[in-house]
$ cat start-v6.cif   # mmCIF, C-alpha atoms
data_structure
loop_
_atom_site.label_atom_id
_atom_site.label_comp_id
_atom_site.auth_asym_id
_atom_site.auth_seq_id
_atom_site.Cartn_x
_atom_site.Cartn_y
_atom_site.Cartn_z
CA MET I 112 120.69 134.02 119.80
CA GLU I 113 119.67 130.35 119.61
CA ARG I 114 116.43 131.16 121.43
CA ARG I 115 115.51 133.66 118.73
CA LEU I 116 116.54 131.38 115.85
CA PRO I 117 112.98 130.61 114.70
CA GLU I 118 112.32 134.35 114.39
CA LEU I 119 115.52 134.89 112.43
CA GLU I 120 114.71 132.00 110.11
CA ALA I 121 111.13 133.25 109.70
CA ALA I 122 112.69 136.53 108.61
CA GLY I 123 114.61 134.56 105.95
CA ILE I 124 117.99 134.72 107.64
CA ARG I 125 120.30 131.73 107.69
CA VAL I 126 122.40 131.79 110.89
CA VAL I 127 125.98 130.53 110.62
CA ALA I 128 128.49 130.35 113.49
CA ILE I 129 132.24 130.26 112.78
CA SER I 130 135.09 129.56 115.20
CA VAL I 131 138.49 127.86 115.40
CA ASP I 132 136.88 124.75 116.89
CA GLU I 133 137.26 121.55 114.89
CA PRO I 134 134.02 119.94 113.64
CA GLY I 135 134.12 117.38 116.47
CA VAL I 136 134.23 120.10 119.12
CA SER I 137 131.44 122.05 117.41
CA ARG I 138 129.37 118.88 117.29
CA ASP I 139 129.82 118.43 121.04
CA LEU I 140 128.86 122.05 121.65
CA ALA I 141 125.79 121.79 119.39
CA LEU I 142 124.65 118.63 121.20
CA ALA I 143 125.30 120.06 124.64
CA LYS I 144 123.45 123.31 123.97
CA GLY I 145 120.88 122.09 121.46
CA TYR I 146 122.11 124.44 118.71
CA THR I 147 120.54 123.77 115.34
CA TYR I 148 122.22 126.42 113.21
CA THR I 149 125.10 125.87 110.80
CA MET I 150 128.46 125.70 112.55
CA LEU I 151 131.68 126.00 110.53
CA SER I 152 135.27 125.24 111.51
CA ASP I 153 138.20 127.54 110.77
CA PRO I 154 141.02 126.00 112.85
CA GLU I 155 143.78 127.72 110.88
CA MET I 156 141.98 131.07 111.05
CA LYS I 157 142.12 131.48 107.28
CA VAL I 158 138.67 133.04 107.09
CA ILE I 159 138.94 134.70 110.50
CA GLY I 160 142.17 136.30 109.28
CA ARG I 161 140.67 137.26 105.93
CA TYR I 162 137.89 139.06 107.81
CA ASP I 163 140.54 140.65 110.08
CA LEU I 164 138.94 139.24 113.22
CA VAL I 165 141.94 137.60 114.88
CA ASP I 166 142.24 138.10 118.64
CA PRO I 167 146.05 138.22 118.82
CA ILE I 168 146.25 137.33 122.50
CA ASP I 169 144.09 134.20 122.59
CA GLN I 170 144.53 133.26 118.91
CA VAL I 171 140.79 132.81 118.32
CA ALA I 172 138.19 134.90 116.49
CA ARG I 173 137.12 138.07 118.25
CA PRO I 174 133.33 137.97 118.67
CA SER I 175 131.56 139.74 115.81
CA GLU I 176 128.48 139.48 113.65
CA PHE I 177 127.93 140.29 109.96
CA LEU I 178 124.59 140.31 108.17
CA VAL I 179 125.22 139.54 104.49
CA ASP I 180 122.45 139.88 101.89
CA SER I 181 121.61 137.41 99.11
CA MET I 182 124.14 139.09 96.79
CA GLY I 183 126.94 138.79 99.33
CA ILE I 184 127.03 142.46 100.40
CA VAL I 185 127.51 143.25 104.08
CA ARG I 186 124.42 145.12 105.22
CA TRP I 187 125.02 145.24 108.99
CA LYS I 188 127.98 144.63 111.19
CA HIS I 189 128.59 144.36 114.95
CA LEU I 190 132.08 144.52 116.43
CA ASP I 191 132.79 145.57 120.02
CA SER I 192 136.08 146.44 121.66
CA SER I 193 135.20 144.07 124.52
CA VAL I 194 135.29 140.30 123.93
CA TYR I 195 132.22 139.92 126.09
CA VAL I 196 129.68 142.04 124.20
CA ARG I 197 127.55 140.21 121.63
CA ALA I 198 124.99 141.49 119.13
CA ARG I 199 121.43 141.55 120.36
CA PRO I 200 118.94 139.48 118.35
CA GLU I 201 116.57 142.48 118.25
CA ASP I 202 119.19 144.51 116.40
CA VAL I 203 119.80 141.70 113.91
CA LEU I 204 116.06 141.34 113.28
CA GLU I 205 115.76 145.06 112.71
CA ALA I 206 118.65 145.01 110.25
CA ALA I 207 117.18 141.91 108.55
CA SER I 208 113.87 143.66 107.98
CA ALA I 209 115.67 146.11 105.70
CA LEU I 210 116.80 143.35 103.35
CA LYS I 211 114.79 142.44 100.25
CA MET C 83 149.96 118.17 170.86
CA ALA C 84 148.53 121.49 169.77
CA ARG C 85 144.79 121.79 169.38
CA ARG C 86 143.91 121.61 165.72
CA VAL C 87 141.80 124.52 164.63
CA VAL C 88 140.77 124.87 161.05
CA ASN C 89 142.37 127.89 159.42
CA TRP C 90 139.11 128.99 157.88
CA PRO C 91 140.29 132.20 156.27
CA ILE C 92 142.68 130.25 154.05
CA TRP C 93 140.13 127.61 153.14
CA LEU C 94 137.60 130.27 152.24
CA SER C 95 139.98 132.43 150.28
CA VAL C 96 140.71 129.85 147.58
CA PRO C 97 137.11 129.10 146.51
CA LEU C 98 136.36 132.79 146.73
CA ALA C 99 139.27 133.52 144.40
CA VAL C 100 138.02 130.88 141.97
CA ALA C 101 134.55 132.43 142.17
CA THR C 102 136.09 135.83 141.45
CA LEU C 103 137.65 134.50 138.28
CA TYR C 104 134.82 132.35 136.95
CA SER C 105 131.71 134.23 137.99
CA TYR C 106 132.53 137.09 135.66
CA PRO C 107 132.31 135.33 132.28
CA PHE C 108 129.39 133.18 133.40
CA VAL C 109 127.32 135.48 135.58
CA PHE C 110 128.26 139.11 135.89
CA VAL C 111 129.05 139.72 132.24
CA ARG C 112 125.30 139.61 131.51
CA TRP C 113 124.49 142.97 132.99
CA PRO C 114 126.23 146.12 131.80
CA VAL C 115 126.36 147.49 135.35
CA THR C 116 128.56 144.62 136.53
CA ARG C 117 130.30 144.01 133.22
CA ASP C 118 131.84 147.30 132.19
CA VAL C 119 133.43 147.89 135.58
CA PRO C 120 133.41 144.46 137.26
CA TRP C 121 133.01 145.86 140.77
CA VAL C 122 131.37 142.71 142.20
CA ASN C 123 134.27 140.58 141.09
CA LEU C 124 136.81 143.13 142.28
CA LEU C 125 135.11 143.07 145.72
CA LEU C 126 135.16 139.27 145.74
CA GLY C 127 138.80 139.31 144.74
CA ALA C 128 139.76 141.87 147.39
CA THR C 129 137.94 139.77 150.01
CA ALA C 130 139.72 136.63 148.86
CA VAL C 131 143.13 138.28 149.05
CA THR C 132 142.37 139.76 152.48
CA LEU C 133 141.30 136.34 153.77
CA ALA C 134 144.44 134.82 152.31
CA ILE C 135 146.64 137.35 154.10
CA THR C 136 144.73 136.79 157.36
CA GLY C 137 145.07 133.05 156.92
CA VAL C 138 148.81 133.22 156.29
CA ARG C 139 149.33 135.35 159.38
CA ARG C 140 147.32 132.86 161.43
CA SER C 141 149.27 129.95 160.06
CA PHE C 142 152.52 131.44 161.31
CA GLY C 143 151.54 130.56 164.87
CA ARG C 144 151.64 126.86 163.94
CA GLY C 145 153.86 124.15 162.57
CA TRP C 146 155.60 124.13 159.20
CA MET C 147 152.82 122.14 157.51
CA ALA C 148 150.27 124.77 158.38
CA LYS C 149 152.62 127.51 157.24
CA THR C 150 153.31 125.79 153.92
CA ALA C 151 149.65 125.10 153.29
CA GLY C 152 148.87 128.67 154.19
CA VAL C 153 151.45 130.13 151.85
CA VAL C 154 150.46 127.81 148.98
CA ALA C 155 146.77 128.63 149.38
CA ALA C 156 147.56 132.32 149.61
CA ALA C 157 149.71 132.15 146.48
CA ALA C 158 146.92 130.35 144.62
CA THR C 159 144.44 133.00 145.74
CA VAL C 160 146.64 135.89 144.69
CA ALA C 161 147.38 134.16 141.36
CA ALA C 162 143.68 133.58 140.61
CA VAL C 163 142.66 137.10 141.56
CA GLY C 164 145.65 138.55 139.71
CA LEU C 165 144.72 136.56 136.63
CA PHE C 166 141.17 137.88 136.84
CA VAL C 167 142.32 141.48 137.12
CA TYR C 168 144.71 141.02 134.19
CA LYS C 169 142.17 139.25 131.98
CA VAL C 170 139.29 141.57 132.54
CA LEU C 171 140.86 144.95 132.98
CA VAL C 172 143.82 144.61 130.64
CA LEU C 173 143.16 141.98 127.97
CA ALA C 174 139.51 142.75 127.42
CA ARG C 175 140.42 146.30 126.48
CA GLU C 176 143.11 145.40 124.00
CA LEU C 177 141.22 144.08 120.99
CA PRO C 178 142.64 145.57 117.80
CA ALA C 179 140.57 147.79 115.53
CA SER C 180 139.96 145.15 112.81
CA ALA C 181 140.32 147.92 110.23
CA HIS C 182 140.33 145.43 107.34
CA ALA C 183 137.08 143.67 108.29
CA PRO C 184 134.47 144.14 105.55
CA ASN C 185 132.34 147.21 106.09
CA VAL C 186 128.67 147.79 105.41
CA GLY C 187 128.29 148.11 101.65
CA GLN C 188 131.31 145.92 100.83
CA GLN C 189 131.33 142.38 99.49
CA ALA C 190 131.75 139.74 102.19
CA PRO C 191 134.85 137.70 101.23
CA GLU C 192 133.99 134.30 99.80
CA PHE C 193 135.08 131.23 101.78
CA THR C 194 134.63 127.47 102.10
CA LEU C 195 134.82 125.84 105.53
CA ALA C 196 133.98 122.41 107.01
CA ASP C 197 130.66 121.99 108.82
CA LEU C 198 129.87 119.66 111.75
CA ASN C 199 129.97 116.65 109.45
CA ASN C 200 133.23 117.70 107.86
CA GLN C 201 131.47 118.67 104.62
CA PRO C 202 132.76 121.77 102.79
CA VAL C 203 130.29 124.66 102.83
CA SER C 204 130.80 127.87 100.85
CA LEU C 205 129.41 131.32 101.59
CA THR C 206 127.77 131.28 98.18
CA SER C 207 125.92 128.06 99.02
CA LEU C 208 124.88 129.54 102.39
CA ARG C 209 123.43 132.55 100.56
CA THR C 210 121.64 130.58 97.87
CA THR C 211 120.60 127.20 99.30
CA PRO C 212 116.92 127.33 100.29
CA LEU C 213 115.97 127.37 103.97
CA GLU C 214 113.27 125.06 105.38
CA GLY C 215 110.15 125.57 103.35
CA SER C 216 112.00 126.18 100.07
CA ARG C 217 112.59 129.88 100.53
CA THR C 218 115.88 131.34 99.36
CA PRO C 219 117.46 133.24 102.23
CA ARG C 220 117.13 137.02 102.37
CA GLY C 221 120.50 136.99 104.05
CA VAL C 222 123.07 135.14 106.08
CA LEU C 223 124.10 136.09 109.62
CA LEU C 224 127.76 135.22 110.17
CA ILE C 225 128.50 134.91 113.89
CA PHE C 226 132.20 134.71 114.64
CA TYR C 227 132.81 133.39 118.14
CA ARG C 228 135.79 132.42 120.28
CA GLY C 229 134.99 128.72 120.56
CA TYR C 230 133.98 126.21 123.19
CA TRP C 231 135.69 127.23 126.41
#
$ encode --input "start-v6.cif" --output "structure tokens"
Amino acid sequence: MERRLPELEAAGIRVVAISVDEPGVSRDLALAKGYTYTMLSDPEMKVIGRYDLVDPIDQVARPSEFLVDSMGIVRWKHLDSSVYVRARPEDVLEAASALK
Amino acid sequence: MARRVVNWPIWLSVPLAVATLYSYPFVFVRWPVTRDVPWVNLLLGATAVTLAITGVRRSFGRGWMAKTAGVVAAAATVAAVGLFVYKVLVLARELPASAHAPNVGQQAPEFTLADLNNQPVSLTSLRTTPLEGSRTPRGVLLIFYRGYW
């Protein structure tokens, strides 16, 4: 997804990554991988729980993606039963093109 | 003194078992053909366990040190391969339905979380703060992920 970030931003999409990692850990990850998008910390899983995305076995967020429009409405969502399957940037771009 | 011969099946089985466990999330998960049924990793794991059994049987012709090392290595191999089988075949299939996650058409719940610099950031600000070049965003992509392994 990071490789396609310029395309997503050109399409007017702000990319935000959320996990249980503390800000220090996210900083290390961003430096190690060269990530430039917004990374937020939810160590107590308050937001992850609110979005019903808790992986009960590993106590982390299950991988998922939500495209939210400028009014805050969910316009596209990706959630897979396997922890290993992530959304494809092409699908996000296609969904983004439908937003005003 | 007995001739010392390296018990190669044991020494090979442990790294192979480690490869079985770690090559999946880093290598084979990228292609659907090796991800959905992880046959490459199952083959690696079966090979590792076979080598471990061979190695243990070989070690029984030697002294107690060789036997102990053999059994320990074999146990480590079986544990690593067993962990792989459990993690991939059992755990990966048990994610709950997330029935209460917001659906398309619903309002995304508001939140405020700390960013990399420990500054509070709200979903509203993410939606409304201009991107580079002073454009207001058309949308925000929220990527929930497990965290840094």
$ atom_distance --input "start-v6.cif" --atom1 "CA of Ala141 (chain I)" --atom2 "CA of Asp166 (chain I)"
23.2 Å
$ interface_residues --input "start-v6.cif" --of "chain I" --to "chain C" --cutoff "8 Å" --atoms "only C-alpha atoms" --output "ChimeraX atom specification"
/I:120,122-132,134-138,140,149-153,158-159,161-164,166-168,171-188,192-195,207,210-211
$ write_last_selection --input "start-v6.cif" --atoms "C-alpha atoms" --output "PDB file, in the frame of the given file"
ATOM      1  CA  GLU I 120     114.710 132.000 110.110  1.00  0.00           C
ATOM      2  CA  ALA I 122     112.690 136.530 108.610  1.00  0.00           C
ATOM      3  CA  GLY I 123     114.610 134.560 105.950  1.00  0.00           C
ATOM      4  CA  ILE I 124     117.990 134.720 107.640  1.00  0.00           C
ATOM      5  CA  ARG I 125     120.300 131.730 107.690  1.00  0.00           C
ATOM      6  CA  VAL I 126     122.400 131.790 110.890  1.00  0.00           C
ATOM      7  CA  VAL I 127     125.980 130.530 110.620  1.00  0.00           C
ATOM      8  CA  ALA I 128     128.490 130.350 113.490  1.00  0.00           C
ATOM      9  CA  ILE I 129     132.240 130.260 112.780  1.00  0.00           C
ATOM     10  CA  SER I 130     135.090 129.560 115.200  1.00  0.00           C
ATOM     11  CA  VAL I 131     138.490 127.860 115.400  1.00  0.00           C
ATOM     12  CA  ASP I 132     136.880 124.750 116.890  1.00  0.00           C
ATOM     13  CA  PRO I 134     134.020 119.940 113.640  1.00  0.00           C
ATOM     14  CA  GLY I 135     134.120 117.380 116.470  1.00  0.00           C
ATOM     15  CA  VAL I 136     134.230 120.100 119.120  1.00  0.00           C
ATOM     16  CA  SER I 137     131.440 122.050 117.410  1.00  0.00           C
ATOM     17  CA  ARG I 138     129.370 118.880 117.290  1.00  0.00           C
ATOM     18  CA  LEU I 140     128.860 122.050 121.650  1.00  0.00           C
ATOM     19  CA  THR I 149     125.100 125.870 110.800  1.00  0.00           C
ATOM     20  CA  MET I 150     128.460 125.700 112.550  1.00  0.00           C
ATOM     21  CA  LEU I 151     131.680 126.000 110.530  1.00  0.00           C
ATOM     22  CA  SER I 152     135.270 125.240 111.510  1.00  0.00           C
ATOM     23  CA  ASP I 153     138.200 127.540 110.770  1.00  0.00           C
ATOM     24  CA  VAL I 158     138.670 133.040 107.090  1.00  0.00           C
ATOM     25  CA  ILE I 159     138.940 134.700 110.500  1.00  0.00           C
ATOM     26  CA  ARG I 161     140.670 137.260 105.930  1.00  0.00           C
ATOM     27  CA  TYR I 162     137.890 139.060 107.810  1.00  0.00           C
ATOM     28  CA  ASP I 163     140.540 140.650 110.080  1.00  0.00           C
ATOM     29  CA  LEU I 164     138.940 139.240 113.220  1.00  0.00           C
ATOM     30  CA  ASP I 166     142.240 138.100 118.640  1.00  0.00           C
ATOM     31  CA  PRO I 167     146.050 138.220 118.820  1.00  0.00           C
ATOM     32  CA  ILE I 168     146.250 137.330 122.500  1.00  0.00           C
ATOM     33  CA  VAL I 171     140.790 132.810 118.320  1.00  0.00           C
ATOM     34  CA  ALA I 172     138.190 134.900 116.490  1.00  0.00           C
ATOM     35  CA  ARG I 173     137.120 138.070 118.250  1.00  0.00           C
ATOM     36  CA  PRO I 174     133.330 137.970 118.670  1.00  0.00           C
ATOM     37  CA  SER I 175     131.560 139.740 115.810  1.00  0.00           C
ATOM     38  CA  GLU I 176     128.480 139.480 113.650  1.00  0.00           C
ATOM     39  CA  PHE I 177     127.930 140.290 109.960  1.00  0.00           C
ATOM     40  CA  LEU I 178     124.590 140.310 108.170  1.00  0.00           C
ATOM     41  CA  VAL I 179     125.220 139.540 104.490  1.00  0.00           C
ATOM     42  CA  ASP I 180     122.450 139.880 101.890  1.00  0.00           C
ATOM     43  CA  SER I 181     121.610 137.410  99.110  1.00  0.00           C
ATOM     44  CA  MET I 182     124.140 139.090  96.790  1.00  0.00           C
ATOM     45  CA  GLY I 183     126.940 138.790  99.330  1.00  0.00           C
ATOM     46  CA  ILE I 184     127.030 142.460 100.400  1.00  0.00           C
ATOM     47  CA  VAL I 185     127.510 143.250 104.080  1.00  0.00           C
ATOM     48  CA  ARG I 186     124.420 145.120 105.220  1.00  0.00           C
ATOM     49  CA  TRP I 187     125.020 145.240 108.990  1.00  0.00           C
ATOM     50  CA  LYS I 188     127.980 144.630 111.190  1.00  0.00           C
ATOM     51  CA  SER I 192     136.080 146.440 121.660  1.00  0.00           C
ATOM     52  CA  SER I 193     135.200 144.070 124.520  1.00  0.00           C
ATOM     53  CA  VAL I 194     135.290 140.300 123.930  1.00  0.00           C
ATOM     54  CA  TYR I 195     132.220 139.920 126.090  1.00  0.00           C
ATOM     55  CA  ALA I 207     117.180 141.910 108.550  1.00  0.00           C
ATOM     56  CA  LEU I 210     116.800 143.350 103.350  1.00  0.00           C
ATOM     57  CA  LYS I 211     114.790 142.440 100.250  1.00  0.00           C
TER      58      LYS I 211
END
$ atom_distance --input "start-v6.cif" --atom1 "CA of Thr116 (chain C)" --atom2 "CA of Leu94 (chain C)"
23.1 Å
$ atom_distance --input "start-v6.cif" --atom1 "CA of Val122 (chain C)" --atom2 "CA of Thr102 (chain C)"
8.4 Å
$ residues_around --input "start-v6.cif" --residues "Ala162 (chain C)" --least-positions-apart "5" --cutoff "8 Å" --atoms "only C-alpha atoms" --output "list in words"
Ala99, Val100, Thr102 and Leu103 of chain C
$ resolve_selection --input "start-v6.cif" --expression "the PyMOL selection byres ((chain C and resi 90) around 10)" --output "number ranges by chain"
C: 87-89, 91-95, 133-134, 136-137, 140
$ resolve_selection --input "start-v6.cif" --expression "the PyMOL selection byres ((chain C and resi 153-158) around 7)" --output "mmCIF file with C-alpha atoms, keeping the file's coordinate frame"
data_model
loop_
_atom_site.group_PDB
_atom_site.id
_atom_site.type_symbol
_atom_site.label_atom_id
_atom_site.label_comp_id
_atom_site.auth_asym_id
_atom_site.auth_seq_id
_atom_site.Cartn_x
_atom_site.Cartn_y
_atom_site.Cartn_z
ATOM 1 C CA ILE C 92 142.680 130.250 154.050
ATOM 2 C CA VAL C 96 140.710 129.850 147.580
ATOM 3 C CA ALA C 134 144.440 134.820 152.310
ATOM 4 C CA ILE C 135 146.640 137.350 154.100
ATOM 5 C CA VAL C 138 148.810 133.220 156.290
ATOM 6 C CA LYS C 149 152.620 127.510 157.240
ATOM 7 C CA THR C 150 153.310 125.790 153.920
ATOM 8 C CA ALA C 151 149.650 125.100 153.290
ATOM 9 C CA GLY C 152 148.870 128.670 154.190
ATOM 10 C CA THR C 159 144.440 133.000 145.740
ATOM 11 C CA VAL C 160 146.640 135.890 144.690
ATOM 12 C CA ALA C 161 147.380 134.160 141.360
ATOM 13 C CA ALA C 162 143.680 133.580 140.610
#
$ closest_residue --input "start-v6.cif" --among "I:Glu133, I:Asp169, I:Asp191, I:Glu118" --to "Glu155 (chain I)" --atoms "all atoms listed in the file"
I:Glu133
